[in-house]
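Asks: Got a structure for you, written out below as structure tokens; questions coming shortly.
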Amino acid sequence: MDLTYTDAQEAFRDDLRTFLDQRLPKRLSDKVRLGQHLTKEDYESWHAALQERNWLAGHWPEAHGGSGWDAVERHIFEEETTRAHAPRIIPFGIAMLGPVLMKFGSDEQKAHWLPRILDGTDWWCQGYSEPGAGSDLASLKTTAERDGDHYVVNGQKTWTTLAQYADHIFCLVRTRKEGKPQEGISFLLIDMDDPGIEVRPIVLIDGGAEVNEVFFKDVRVPAGNLVGEENQGWTIAKYLLTHERTNIAGVGFANQALANLRRIAGLEMQHGRPLIEDPLFAAEIAKLEIALMAMATTNLRVVSAAAEGSAPGVESSMLKVKGTVIRQEINDLTRLACGPYAMPFVSEALEAGSNVEPVGPDYAMPATADYFNNRKLSIYGGSNEVQKSIIAKTMLGA
């Protein structure tokens, strides 16, 4: 997407590129480029490098230790880091819990938790979905019963991303069973090292195990870890999900994936000519590029409004639907561009240091892995079907 940048914004881009050249290890960018699974240490080292420049929480206000970036600076950061194949910033503490604490947390909670998110002391995961409560989140059954100065938590969460790395989890729990389901939910911060918590991995179609089941049995949580008021959790959840859905749009990741698709289409041959010269294939790429440019413009408008204090509304659902569909279409076209090399998928080859050799060129294995893994994009954060219903109800009154 082409934008007109001010001299200050261009200077920021140059500074960022210099930083990426100097501080992003080739070992790490190669792992990202080749689609290899990153370790907790990989993420932590990159987070620490960003925090040294005060760039880990660019969207946070300066008063809370962030950079206070505007929408264009955030766009530049995402564009340049994805182009350089930098690891993504794990969103659970930075992009989700941080904004929630700033809006709903007590002064004591902000003073305690926000610095620990920034310096890497705490690694957070998200405890929302349950076996019977995915897109219908209000049906959640994990309970938190008050017992003196503690809540006693029992239940199960599922599809908990990177819970195997986390030492804390923010959870939606049921604190009241009477009345509307939405009115009996609270937002609770839980230490993953507390007795009674068990984490079990879920192996995905691409062979990875980045998501987990988390079980709670009589887990005692200090009452001071309640964010906001008891039974206010649904309001907090909606606020968090609007930020999550905007982030899921993934403009920078889509731009990088589209550039990779162009590269592959320029290398793969069809009838003696590069695939990208095929008119039908080139037309498919052009359609994706146009859709991505339109979505990027909308994303900038939404992020700008959020920076001025407005919580994203139905626009976040629009971005979630369009962004995930575009990324899946890019993944699908990339897989097709790889031709027969996309077929012999061996997930073990994605483990760094593995002796398993990938079949075909180095871009084929990541293309297939992305295709498999990103099928989830249109499901998590509220399935696209549910988001379309939200859009219809909010904007059309349907």
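We name chains A, B, ... following the order of the structure tokens; residues begin at 1 in each chain, and ligands are numbered from 1 as shown.
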Run DSSP on the backbone and give me the residues of range 142-206 of chain A it puts in strand (DSSP E or B), as number ranges by chain.

Replies: A: 143-147, 150-157, 168-174, 185-191, 197-202

Asks: Kindly provide the residues of range 186-233 of chain A that approach range 92-114 of chain A to within 9 Å, each paired with its closest atom pair and their distance in Å to one decimal, based on only C-alpha atoms, listed by chain and increasing number, as CSV.

Replies:
residue,atom,partner,partner_atom,distance
A:Gly224,CA,A:Gln109,CA,8.5
A:Asn225,CA,A:Gln109,CA,8.0
A:Leu226,CA,A:Gly105,CA,8.7
A:Val227,CA,A:Gly105,CA,5.4
A:Gly228,CA,A:Phe104,CA,5.2
A:Glu229,CA,A:Phe104,CA,8.7

Asks: With N, CA and C atoms retained, export the selected residues as an mmCIF file, in the first residue's frame.

Replies:
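out-v2.cif, written as the output of this step:
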data_model
loop_
_atom_site.group_PDB
_atom_site.id
_atom_site.type_symbol
_atom_site.label_atom_id
_atom_site.label_comp_id
_atom_site.auth_asym_id
_atom_site.auth_seq_id
_atom_site.Cartn_x
_atom_site.Cartn_y
_atom_site.Cartn_z
ATOM 1 N N GLY A 224 -7.968 -9.978 44.774
ATOM 2 C CA GLY A 224 -7.366 -8.775 44.201
ATOM 3 C C GLY A 224 -7.008 -8.928 42.729
ATOM 4 N N ASN A 225 -7.073 -10.150 42.211
ATOM 5 C CA ASN A 225 -6.778 -10.384 40.790
ATOM 6 C C ASN A 225 -8.014 -10.236 39.911
ATOM 7 N N LEU A 226 -9.122 -9.826 40.502
ATOM 8 C CA LEU A 226 -10.313 -9.516 39.717
ATOM 9 C C LEU A 226 -10.123 -8.156 39.052
ATOM 10 N N VAL A 227 -10.287 -8.109 37.730
ATOM 11 C CA VAL A 227 -10.169 -6.851 36.998
ATOM 12 C C VAL A 227 -11.562 -6.257 36.830
ATOM 13 N N GLY A 228 -11.709 -4.977 37.174
ATOM 14 C CA GLY A 228 -13.016 -4.356 37.132
ATOM 15 C C GLY A 228 -13.877 -4.866 38.277
ATOM 16 N N GLU A 229 -15.165 -4.804 38.076
ATOM 17 C CA GLU A 229 -16.088 -5.261 39.104
ATOM 18 C C GLU A 229 -16.531 -6.696 38.828
#

Asks: Find the residues around range 177-182 of chain A up to 12 Å (only C-alpha atoms counted), leave out those fewer than 5 positions away in its own chain, and share them as a PyMOL selection string.

Replies: chain A and resi 133+136-145+172+231-238

Asks: When you look at Ala342 in chain A with a cut-off of 8 Å (counting only C-alpha atoms), what residues show up, excluding the ones that are within fewer than 4 positions of it in the same chain? I need them as a short mmCIF file (atom, residue, chain, number, x, y, z; two decimals) with all heavy atoms, in the first residue's frame.

Replies:
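The resulting out-v8.cif:
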data_model
loop_
_atom_site.label_atom_id
_atom_site.label_comp_id
_atom_site.auth_asym_id
_atom_site.auth_seq_id
_atom_site.Cartn_x
_atom_site.Cartn_y
_atom_site.Cartn_z
N ARG A 335 0.14 -21.91 -2.19
CA ARG A 335 0.22 -23.37 -2.24
C ARG A 335 0.06 -23.88 -3.67
O ARG A 335 0.81 -24.76 -4.12
CB ARG A 335 -0.87 -23.96 -1.35
CG ARG A 335 -0.93 -25.49 -1.32
CD ARG A 335 -2.08 -25.96 -0.46
NE ARG A 335 -3.36 -25.47 -0.95
CZ ARG A 335 -4.10 -26.10 -1.87
NH1 ARG A 335 -3.67 -27.23 -2.39
NH2 ARG A 335 -5.25 -25.60 -2.27
N LEU A 336 -0.86 -23.28 -4.41
CA LEU A 336 -1.05 -23.67 -5.81
C LEU A 336 0.18 -23.33 -6.65
O LEU A 336 0.57 -24.09 -7.54
CB LEU A 336 -2.28 -22.98 -6.38
CG LEU A 336 -3.63 -23.43 -5.82
CD1 LEU A 336 -4.76 -22.55 -6.37
CD2 LEU A 336 -3.90 -24.89 -6.17
N CYS A 338 3.22 -23.38 -5.74
CA CYS A 338 4.29 -24.35 -5.47
C CYS A 338 4.09 -25.66 -6.22
O CYS A 338 5.02 -26.47 -6.31
CB CYS A 338 4.38 -24.62 -3.97
SG CYS A 338 4.96 -23.22 -3.00
N ALA A 364 8.55 -24.12 -0.35
CA ALA A 364 7.38 -25.01 -0.48
C ALA A 364 6.84 -25.45 0.89
O ALA A 364 5.63 -25.44 1.12
CB ALA A 364 7.74 -26.22 -1.32
N MET A 365 7.74 -25.83 1.78
CA MET A 365 7.30 -26.31 3.09
C MET A 365 6.56 -25.23 3.89
O MET A 365 5.47 -25.47 4.41
CB MET A 365 8.49 -26.85 3.87
CG MET A 365 8.11 -27.47 5.21
SD MET A 365 7.17 -29.01 5.06
CE MET A 365 8.42 -30.09 4.39
N ALA A 367 4.97 -22.71 2.71
CA ALA A 367 3.71 -22.41 2.02
C ALA A 367 2.62 -23.39 2.44
O ALA A 367 1.47 -22.99 2.71
CB ALA A 367 3.92 -22.46 0.51
N THR A 368 2.96 -24.66 2.52
CA THR A 368 1.97 -25.66 2.93
C THR A 368 1.62 -25.51 4.41
O THR A 368 0.46 -25.62 4.80
CB THR A 368 2.50 -27.07 2.65
OG1 THR A 368 2.86 -27.18 1.28
CG2 THR A 368 1.44 -28.12 2.96
#

Asks: Kindly indicate which residue among A:Ala291, A:Ala249, A:Leu162, A:Leu34 lies nearest to Glu78 in chain A, using only C-alpha atoms for the distances.

Replies: A:Ala249

Asks: Ranking A:Trp123, A:Val203, A:Ala8, A:Arg23 by minimum distance to Glu44 in chain A and counting only C-alpha atoms, which one comes first?

Replies: A:Trp123

Asks: Quick one: pull the distance between CA of Phe19 in chain A and CA of Thr81 in chain A, Å, one decimal.

Replies: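 The value is 10.1 Å.
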
Asks: Do you know which residues are at most 9 Å from Leu288 in chain A counting only C-alpha atoms, after dropping those on the same chain fewer than 5 positions away, and could you put them as a list in words?

Replies: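 Everything that qualifies: Leu258, Ala283, Met293, Ile326, Glu329 and Ile330 of chain A.
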
Asks: Can you measure CA of Gly207 in chain A to CA of Gly323 in chain A for me? One decimal in Å is fine.

Replies: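 A separation of 24.5 Å between them.
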
Asks: Residues within 10 Å of Asp30 in chain A, please, as number ranges by chain. Count only C-alpha atoms; anything in the same chain fewer than 4 positions from it doesn't count.

Replies: A: 25-26, 34-36, 84-86

Asks: Keeping N, CA and C atoms, export the residues of the selection given above as a CSV table (one decimal), in the first residue's frame.

Replies:
chain,number,residue,atom,x,y,z
A,25,PRO,N,18.7,-11.0,14.6
A,25,PRO,CA,19.6,-12.0,14.2
A,25,PRO,C,19.2,-12.8,12.9
A,26,LYS,N,20.1,-13.0,12.0
A,26,LYS,CA,19.8,-13.8,10.8
A,26,LYS,C,19.2,-15.1,11.1
A,34,LEU,N,11.5,-19.4,6.9
A,34,LEU,CA,11.4,-20.8,6.5
A,34,LEU,C,10.2,-21.5,7.2
A,35,GLY,N,9.5,-20.7,8.0
A,35,GLY,CA,8.3,-21.3,8.7
A,35,GLY,C,8.6,-22.2,9.8
A,36,GLN,N,9.8,-22.2,10.4
A,36,GLN,CA,10.2,-23.1,11.4
A,36,GLN,C,9.5,-22.6,12.7
A,84,ALA,N,11.0,-7.8,7.1
A,84,ALA,CA,12.3,-8.3,7.6
A,84,ALA,C,12.2,-9.7,8.1
A,85,HIS,N,11.0,-10.3,8.2
A,85,HIS,CA,10.8,-11.6,8.8
A,85,HIS,C,11.2,-11.7,10.2
A,86,ALA,N,10.8,-10.6,10.9
A,86,ALA,CA,10.9,-10.6,12.4
A,86,ALA,C,9.8,-11.4,13.0

Asks: Just asking: which residues within range 4-101 of chain A are helix (DSSP H, G or I) according to DSSP, as a PyMOL selection string?

Replies: chain A and resi 7-23+26-33+40-52+62-64+71-83+91-101

Asks: When you look at Arg263 in chain A with a cut-off of 12 Å (counting only C-alpha atoms), what residues show up, excluding the ones that are within fewer than 6 positions of it in the same chain? I need them as a PDB file with C-alpha atoms, in the first residue's frame.

Replies:
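In the end it all went to result_30.pdb:
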ATOM      1  CA  GLN A 256       4.603  -9.978   3.368  1.00  0.00           C
ATOM      2  CA  ALA A 257       2.727 -13.092   2.229  1.00  0.00           C
ATOM      3  CA  MET A 269       7.649 -22.165 -14.434  1.00  0.00           C
ATOM      4  CA  PRO A 274       7.353 -17.839 -15.146  1.00  0.00           C
ATOM      5  CA  LEU A 275       3.962 -18.495 -13.601  1.00  0.00           C
ATOM      6  CA  ILE A 276       3.499 -14.815 -12.802  1.00  0.00           C
ATOM      7  CA  ILE A 285      -2.778 -11.778  -7.634  1.00  0.00           C
ATOM      8  CA  THR A 334       0.822 -19.675  -2.791  1.00  0.00           C
ATOM      9  CA  ALA A 337       1.996 -21.783  -7.104  1.00  0.00           C
ATOM     10  CA  CYS A 338       4.288 -24.345  -5.466  1.00  0.00           C
ATOM     11  CA  TYR A 363       9.596 -21.942   0.063  1.00  0.00           C
TER      12      TYR A 363
END

Asks: Restricting the calculation to only C-alpha atoms: of A:Ser186, A:Gln164, A:Gln51, A:Gln126, which residue gets closest to Ile89 in chain A?

Replies: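 So, comparing all the options, the nearest one is A:Gln51.
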